[in-house]
>>> print(open('data-v6.csv').read())   # CSV, C-alpha atoms
chain,number,residue,atom,x,y,z
A,1090,PHE,CA,63.2,17.5,146.3
A,1091,THR,CA,64.9,20.4,144.6
A,1092,LEU,CA,63.9,24.1,144.7
A,1093,ALA,CA,65.2,26.4,142.0
A,1094,GLN,CA,65.4,30.2,142.2
A,1095,PRO,CA,63.4,31.9,139.5
A,1096,ASN,CA,65.5,33.5,136.8
A,1097,HIS,CA,64.8,37.1,137.5
A,1098,ALA,CA,67.3,39.8,136.4
A,1099,GLN,CA,67.4,41.5,139.9
A,1100,THR,CA,69.2,40.2,142.9
A,1101,VAL,CA,69.1,41.0,146.6
A,1102,SER,CA,72.1,39.6,148.5
A,1103,GLY,CA,74.1,40.1,151.6
A,1104,GLN,CA,75.4,38.4,154.8
A,1105,VAL,CA,73.7,37.5,158.1
A,1106,THR,CA,75.9,38.3,161.1
A,1107,SER,CA,75.8,38.6,164.8
A,1108,GLY,CA,78.5,40.4,166.8
A,1109,GLY,CA,80.6,40.6,163.7
A,1110,SER,CA,80.6,36.8,163.1
A,1111,PRO,CA,78.6,35.0,160.4
A,1112,VAL,CA,75.3,33.4,161.3
A,1113,PRO,CA,75.3,30.2,159.2
A,1114,TYR,CA,72.2,28.6,157.6
A,1115,ALA,CA,69.8,31.4,158.6
A,1116,ALA,CA,66.5,31.4,156.8
A,1117,VAL,CA,66.3,34.7,154.9
A,1118,ALA,CA,62.9,36.0,153.7
A,1119,LEU,CA,62.2,38.8,151.2
A,1120,PHE,CA,58.8,40.4,151.8
A,1121,ASP,CA,57.2,42.3,149.0
A,1122,LEU,CA,55.3,45.3,150.5
A,1123,VAL,CA,53.1,45.8,147.4
A,1124,ARG,CA,52.3,42.2,146.3
A,1125,GLY,CA,52.6,40.7,149.7
A,1126,GLY,CA,54.5,37.7,148.5
A,1127,LEU,CA,57.6,36.1,149.9
A,1128,GLY,CA,60.9,34.9,148.4
A,1129,GLY,CA,63.7,33.4,150.3
A,1130,ASP,CA,67.0,31.7,150.6
A,1131,LEU,CA,69.0,29.7,153.2
A,1132,ALA,CA,72.2,31.4,154.0
A,1133,ASP,CA,75.4,29.3,153.5
A,1134,ALA,CA,78.0,28.4,156.1
A,1135,ASN,CA,79.4,31.9,156.0
A,1136,GLY,CA,76.0,33.6,156.4
A,1137,ASN,CA,75.8,34.7,152.7
A,1138,TYR,CA,72.5,34.7,150.9
A,1139,SER,CA,71.2,35.6,147.4
A,1140,ILE,CA,67.6,36.0,146.2
A,1141,LYS,CA,66.5,36.6,142.6
A,1142,THR,CA,63.4,38.8,142.6
A,1143,PRO,CA,61.2,41.0,140.3
A,1144,PRO,CA,61.5,44.8,140.6
A,1145,GLY,CA,59.7,46.1,143.7
A,1146,THR,CA,59.7,47.4,147.2
A,1147,TYR,CA,60.9,45.0,149.9
A,1148,GLU,CA,62.0,44.2,153.4
A,1149,VAL,CA,64.5,41.5,154.4
A,1150,TYR,CA,63.9,39.3,157.5
A,1151,ALA,CA,65.9,36.5,158.9
A,1152,LEU,CA,65.2,33.6,161.2
A,1153,LYS,CA,67.7,31.4,163.1
A,1154,SER,CA,67.3,29.4,166.3
A,1155,GLY,CA,69.1,31.2,169.1
A,1156,TYR,CA,69.0,34.6,167.4
A,1157,ILE,CA,66.5,37.5,166.9
A,1158,LEU,CA,66.3,40.3,164.4
A,1159,PRO,CA,66.3,43.8,166.0
A,1160,ARG,CA,63.6,45.1,163.6
A,1161,GLN,CA,60.4,47.0,163.8
A,1162,GLU,CA,57.9,45.7,161.3
A,1163,HIS,CA,57.6,47.9,158.2
A,1164,ASN,CA,60.1,50.5,159.6
A,1165,PRO,CA,60.7,53.0,156.7
A,1166,ALA,CA,64.4,52.8,157.4
A,1167,ASP,CA,64.4,49.1,156.5
A,1168,VAL,CA,62.3,49.4,153.3
A,1169,PHE,CA,64.2,49.5,150.0
A,1170,ALA,CA,63.3,49.5,146.3
A,1171,ILE,CA,65.0,47.5,143.6
A,1172,GLY,CA,64.7,48.6,139.9
A,1173,ALA,CA,65.0,46.7,136.7
A,1174,GLY,CA,68.3,44.9,136.3
A,1175,ALA,CA,69.6,46.1,139.7
A,1176,SER,CA,71.6,44.3,142.3
A,1177,VAL,CA,71.1,45.4,145.9
A,1178,THR,CA,73.2,44.4,149.0
A,1179,ARG,CA,71.2,44.2,152.3
A,1180,ASN,CA,73.2,42.8,155.2
A,1181,VAL,CA,71.3,41.5,158.2
A,1182,VAL,CA,72.5,41.9,161.8
A,1183,MET,CA,71.0,39.6,164.4
A,1184,ILE,CA,71.6,39.4,168.2
A,1185,PRO,CA,71.6,36.4,170.5
A,1186,ALA,CA,68.2,35.3,171.8
A,1187,THR,CA,68.9,33.4,175.0
A,1188,ARG,CA,65.3,32.9,176.1
A,1189,THR,CA,62.4,31.0,174.5
A,1190,ILE,CA,58.6,31.1,174.5
A,1191,SER,CA,57.2,27.7,173.5
A,1192,GLY,CA,53.9,25.9,173.4
A,1193,ARG,CA,51.8,23.6,171.2
A,1194,VAL,CA,48.8,24.4,168.9
A,1195,VAL,CA,46.2,21.7,169.0
A,1196,ASP,CA,42.7,20.7,167.9
A,1197,VAL,CA,40.3,21.5,170.8
A,1198,VAL,CA,38.4,18.2,170.4
A,1199,THR,CA,41.1,15.6,169.4
A,1200,GLY,CA,44.2,17.2,171.0
A,1201,ALA,CA,46.1,16.6,167.7
A,1202,GLY,CA,48.8,19.0,166.9
A,1203,LEU,CA,48.3,21.5,164.1
A,1204,ALA,CA,51.3,21.8,161.9
A,1205,GLY,CA,52.2,24.9,159.8
A,1206,VAL,CA,50.6,27.6,162.0
A,1207,MET,CA,52.6,30.8,162.1
A,1208,LEU,CA,53.1,32.9,165.2
A,1209,ASP,CA,55.1,36.1,165.7
A,1210,ALA,CA,56.2,38.0,168.7
A,1211,GLU,CA,57.3,41.6,169.4
A,1212,PRO,CA,57.8,43.6,172.6
A,1213,GLU,CA,54.8,45.2,174.1
A,1214,ASP,CA,56.6,48.6,174.2
A,1215,GLU,CA,58.0,49.0,170.7
A,1216,ALA,CA,59.0,52.6,171.4
A,1217,THR,CA,62.0,51.5,173.5
A,1218,ALA,CA,62.7,48.1,172.0
A,1219,ALA,CA,62.1,47.1,168.4
A,1220,PHE,CA,62.3,43.3,167.7
A,1221,LEU,CA,60.4,40.9,165.6
A,1222,THR,CA,60.6,37.1,165.7
A,1223,TYR,CA,58.4,34.4,164.3
A,1224,ALA,CA,57.9,30.6,164.4
A,1225,ILE,CA,56.0,28.0,162.5
A,1226,THR,CA,54.5,24.9,164.3
A,1227,ASP,CA,56.1,21.6,163.5
A,1228,ALA,CA,54.4,18.3,162.7
A,1229,THR,CA,53.3,17.9,166.3
A,1230,GLY,CA,52.0,21.4,166.6
A,1231,SER,CA,54.9,22.6,168.7
A,1232,TYR,CA,56.7,25.9,168.3
A,1233,THR,CA,59.6,27.9,169.9
A,1234,LEU,CA,60.0,31.6,169.7
A,1235,ASN,CA,63.5,32.9,170.4
A,1236,VAL,CA,63.6,36.2,172.4
A,1237,PRO,CA,66.5,38.1,174.0
A,1238,GLU,CA,66.9,38.4,177.8
A,1239,TYR,CA,65.4,41.9,177.6
A,1240,PRO,CA,62.7,43.2,177.2
A,1241,TRP,CA,60.6,41.0,179.4
A,1242,ASN,CA,57.0,41.7,178.2
A,1243,TRP,CA,56.2,40.2,174.8
A,1244,GLU,CA,53.0,40.1,172.6
A,1245,VAL,CA,52.6,36.8,170.8
A,1246,TYR,CA,50.2,36.7,167.8
A,1247,PHE,CA,48.6,33.8,166.0
A,1248,ASN,CA,48.5,34.2,162.3
A,1249,ALA,CA,44.7,33.9,161.5
A,1250,ASN,CA,45.4,33.2,157.8
A,1251,THR,CA,47.4,30.1,158.4
A,1252,LEU,CA,44.7,28.9,160.8
A,1253,ALA,CA,42.0,29.6,158.3
A,1254,MET,CA,43.8,27.7,155.6
A,1255,LYS,CA,43.6,24.6,157.8
A,1256,GLY,CA,40.0,25.1,158.6
A,1257,TYR,CA,40.3,26.5,162.1
A,1258,VAL,CA,39.2,29.7,163.9
A,1259,LEU,CA,40.8,31.7,166.7
A,1260,ALA,CA,40.9,30.2,170.2
A,1261,GLU,CA,38.3,31.0,172.9
A,1262,ASP,CA,39.1,31.6,176.5
A,1263,ALA,CA,37.0,30.4,179.5
A,1264,ASN,CA,34.6,33.3,179.0
A,1265,GLY,CA,34.0,32.5,175.3
A,1266,THR,CA,36.1,35.5,174.2
A,1267,THR,CA,38.2,35.0,171.1
A,1268,ALA,CA,41.7,36.5,170.9
A,1269,GLU,CA,44.6,36.2,168.5
A,1270,ASP,CA,47.3,37.7,170.7
A,1271,PHE,CA,48.4,37.4,174.3
A,1272,ASN,CA,51.1,38.8,176.6
A,1273,VAL,CA,54.0,36.8,177.9
A,1274,TRP,CA,56.3,37.8,180.8
A,1275,THR,CA,59.9,36.4,180.4
A,1276,LYS,CA,61.8,38.1,183.3
A,1277,ALA,CA,62.1,34.8,185.2
A,1278,GLY,CA,63.4,32.9,182.2
A,1279,ASN,CA,62.0,30.6,179.5
A,1280,VAL,CA,58.2,30.2,179.3
A,1281,ASN,CA,56.2,27.2,178.2
A,1282,LEU,CA,52.6,28.1,177.5
A,1283,GLY,CA,51.4,24.5,177.2
A,1284,ASN,CA,48.6,23.7,174.7
A,1285,HIS,CA,46.6,26.3,172.7
A,1286,PRO,CA,43.3,24.7,171.7
A,1287,PHE,CA,41.6,25.8,168.5
A,1288,LYS,CA,38.2,25.0,167.2
A,1289,GLN,CA,37.7,23.6,163.7
A,1290,ALA,CA,35.3,25.7,161.6
A,1291,ASN,CA,31.9,24.0,161.0
A,1292,ALA,CA,30.1,26.7,159.0
A,1293,LEU,CA,30.8,28.4,155.6
A,1294,LEU,CA,29.9,32.0,154.8
A,1295,HIS,CA,29.6,32.8,151.1
A,1296,GLY,CA,28.3,35.5,148.8
A,1297,GLN,CA,29.1,37.7,145.9
A,1298,LEU,CA,31.1,40.9,145.6
A,1299,THR,CA,29.8,43.6,143.2
A,1300,ASP,CA,30.7,47.1,142.3
A,1301,GLY,CA,28.3,50.2,142.4
A,1302,ASN,CA,26.9,49.1,139.0
A,1303,GLY,CA,26.0,45.6,140.1
A,1304,ASN,CA,28.9,44.0,138.2
>>> encode(input="data-v6.csv", output="structure tokens")
Amino acid sequence: FTLAQPNHAQTVSGQVTSGGSPVPYAAVALFDLVRGGLGGDLADANGNYSIKTPPGTYEVYALKSGYILPRQEHNPADVFAIGAGASVTRNVVMIPATRTISGRVVDVVTGAGLAGVMLDAEPEDEATAAFLTYAITDATGSYTLNVPEYPWNWEVYFNANTLAMKGYVLAEDANGTTAEDFNVWTKAGNVNLGNHPFKQANALLHGQLTDGNGN
């Protein structure tokens, strides 16, 4: 199928590089800090990307297997505004990510893989090392997060919204405690976490939201 960029008058463009060399075919995402939406583009063979967008306040993220973006989420230094009719250049510098955290997200009853579940990871100590990486499970429920050799201690988060859209709730441990994040130690090398079982929701909560006047 064909995806067409919307014909907005504003453009965010730039180049994705690592060590001074282009990072070809990186997935580049434009995150709107106000509306919360995403726009994106796939960089070309030279790492160049271009995204048409409405005026707003944004951050740029990039994802490419074998690389990671040194970026603290919502760091004011990385936030920028684009006005009506403007064109903004935002180059993205990634670093090699030589280690991986992998696993598989599955239905707790059937063992079937859950596709389209988003996970992200960041160092436990963000004060000394600011990185952000993410992955989306494939058709078999498998994912791979790319991380650098250092730091060694990572926090991995399941995105509860993507699970909820599929009708699942957060996992339970052996004590029946639910958790959406866990720590991973990568000093020894790549880590495979095996299966992450999730329960399918079987109840629906509903109601009505009103203001102080009962409307």
>>> closest_residue(input="data-v6.csv", among="A:Asn1291, A:Asn1235, A:Asn1272, A:Thr1091", to="Thr1187 of chain A", atoms="all atoms listed in the file")
A:Asn1235
>>> residues_around(input="data-v6.csv", residues="Pro1286 of chain A", least_positions_apart="6", cutoff="10 Å", atoms="all atoms listed in the file", output="number ranges by chain")
A: 1193-1203, 1259-1262
>>> atom_distance(input="data-v6.csv", atom1="atom CA of Trp1241 of chain A", atom2="atom CA of Thr1226 of chain A")
22.9 Å
>>> closest_residue(input="data-v6.csv", among="A:Ala1228, A:Val1149, A:Val1112, A:Ala1292", to="Ala1170 of chain A", atoms="all atoms listed in the file")
A:Val1149
>>> residues_around(input="data-v6.csv", residues="segment 1127-1144 of chain A", least_positions_apart="5", cutoff="9 Å", atoms="only C-alpha atoms", output="ChimeraX atom specification")
/A:1094-1106,1110-1121,1170-1175,1180
>>> closest_residue(input="data-v6.csv", among="A:Tyr1239, A:Phe1271, A:Phe1287, A:Tyr1232", to="Leu1252 of chain A", atoms="only C-alpha atoms")
A:Phe1287
>>> build_atoms(input="data-v6.csv", residues="segment 1238-1256 of chain A", atoms="N, CA and C atoms", output="PDB file, in the frame of the given file")
ATOM      1  N   GLU A1238      67.146  38.347 176.322  1.00  0.00           N
ATOM      2  CA  GLU A1238      66.900  38.400 177.800  1.00  0.00           C
ATOM      3  C   GLU A1238      66.095  39.612 178.162  1.00  0.00           C
ATOM      4  N   TYR A1239      66.233  40.701 177.403  1.00  0.00           N
ATOM      5  CA  TYR A1239      65.400  41.900 177.600  1.00  0.00           C
ATOM      6  C   TYR A1239      64.988  42.456 176.307  1.00  0.00           C
ATOM      7  N   PRO A1240      63.764  42.949 176.167  1.00  0.00           N
ATOM      8  CA  PRO A1240      62.700  43.200 177.200  1.00  0.00           C
ATOM      9  C   PRO A1240      62.047  41.957 177.672  1.00  0.00           C
ATOM     10  N   TRP A1241      61.223  42.125 178.712  1.00  0.00           N
ATOM     11  CA  TRP A1241      60.600  41.000 179.400  1.00  0.00           C
ATOM     12  C   TRP A1241      59.139  40.764 178.942  1.00  0.00           C
ATOM     13  N   ASN A1242      58.469  41.809 178.471  1.00  0.00           N
ATOM     14  CA  ASN A1242      57.000  41.700 178.200  1.00  0.00           C
ATOM     15  C   ASN A1242      56.837  41.606 176.649  1.00  0.00           C
ATOM     16  N   TRP A1243      56.306  40.452 176.186  1.00  0.00           N
ATOM     17  CA  TRP A1243      56.200  40.200 174.800  1.00  0.00           C
ATOM     18  C   TRP A1243      54.699  39.956 174.386  1.00  0.00           C
ATOM     19  N   GLU A1244      54.333  40.419 173.207  1.00  0.00           N
ATOM     20  CA  GLU A1244      53.000  40.100 172.600  1.00  0.00           C
ATOM     21  C   GLU A1244      53.215  39.028 171.573  1.00  0.00           C
ATOM     22  N   VAL A1245      52.488  37.946 171.720  1.00  0.00           N
ATOM     23  CA  VAL A1245      52.600  36.800 170.800  1.00  0.00           C
ATOM     24  C   VAL A1245      51.256  36.772 170.001  1.00  0.00           C
ATOM     25  N   TYR A1246      51.377  36.664 168.691  1.00  0.00           N
ATOM     26  CA  TYR A1246      50.200  36.700 167.800  1.00  0.00           C
ATOM     27  C   TYR A1246      50.108  35.376 167.023  1.00  0.00           C
ATOM     28  N   PHE A1247      48.916  34.832 166.955  1.00  0.00           N
ATOM     29  CA  PHE A1247      48.600  33.800 166.000  1.00  0.00           C
ATOM     30  C   PHE A1247      48.290  34.356 164.668  1.00  0.00           C
ATOM     31  N   ASN A1248      48.797  33.742 163.612  1.00  0.00           N
ATOM     32  CA  ASN A1248      48.500  34.200 162.300  1.00  0.00           C
ATOM     33  C   ASN A1248      47.130  33.585 161.855  1.00  0.00           C
ATOM     34  N   ALA A1249      46.090  34.418 161.792  1.00  0.00           N
ATOM     35  CA  ALA A1249      44.700  33.900 161.500  1.00  0.00           C
ATOM     36  C   ALA A1249      44.657  33.293 160.118  1.00  0.00           C
ATOM     37  N   ASN A1250      45.461  33.784 159.168  1.00  0.00           N
ATOM     38  CA  ASN A1250      45.400  33.200 157.800  1.00  0.00           C
ATOM     39  C   ASN A1250      45.844  31.789 157.757  1.00  0.00           C
ATOM     40  N   THR A1251      46.936  31.463 158.465  1.00  0.00           N
ATOM     41  CA  THR A1251      47.400  30.100 158.400  1.00  0.00           C
ATOM     42  C   THR A1251      46.446  29.157 159.145  1.00  0.00           C
ATOM     43  N   LEU A1252      45.759  29.667 160.177  1.00  0.00           N
ATOM     44  CA  LEU A1252      44.700  28.900 160.800  1.00  0.00           C
ATOM     45  C   LEU A1252      43.543  28.639 159.901  1.00  0.00           C
ATOM     46  N   ALA A1253      43.117  29.706 159.209  1.00  0.00           N
ATOM     47  CA  ALA A1253      42.000  29.600 158.300  1.00  0.00           C
ATOM     48  C   ALA A1253      42.224  28.621 157.179  1.00  0.00           C
ATOM     49  N   MET A1254      43.451  28.599 156.663  1.00  0.00           N
ATOM     50  CA  MET A1254      43.800  27.700 155.600  1.00  0.00           C
ATOM     51  C   MET A1254      43.675  26.222 156.016  1.00  0.00           C
ATOM     52  N   LYS A1255      43.768  26.001 157.311  1.00  0.00           N
ATOM     53  CA  LYS A1255      43.600  24.600 157.800  1.00  0.00           C
ATOM     54  C   LYS A1255      42.235  24.349 158.346  1.00  0.00           C
ATOM     55  N   GLY A1256      41.332  25.349 158.195  1.00  0.00           N
ATOM     56  CA  GLY A1256      40.000  25.100 158.600  1.00  0.00           C
ATOM     57  C   GLY A1256      39.688  25.400 160.064  1.00  0.00           C
TER      58      GLY A1256
END
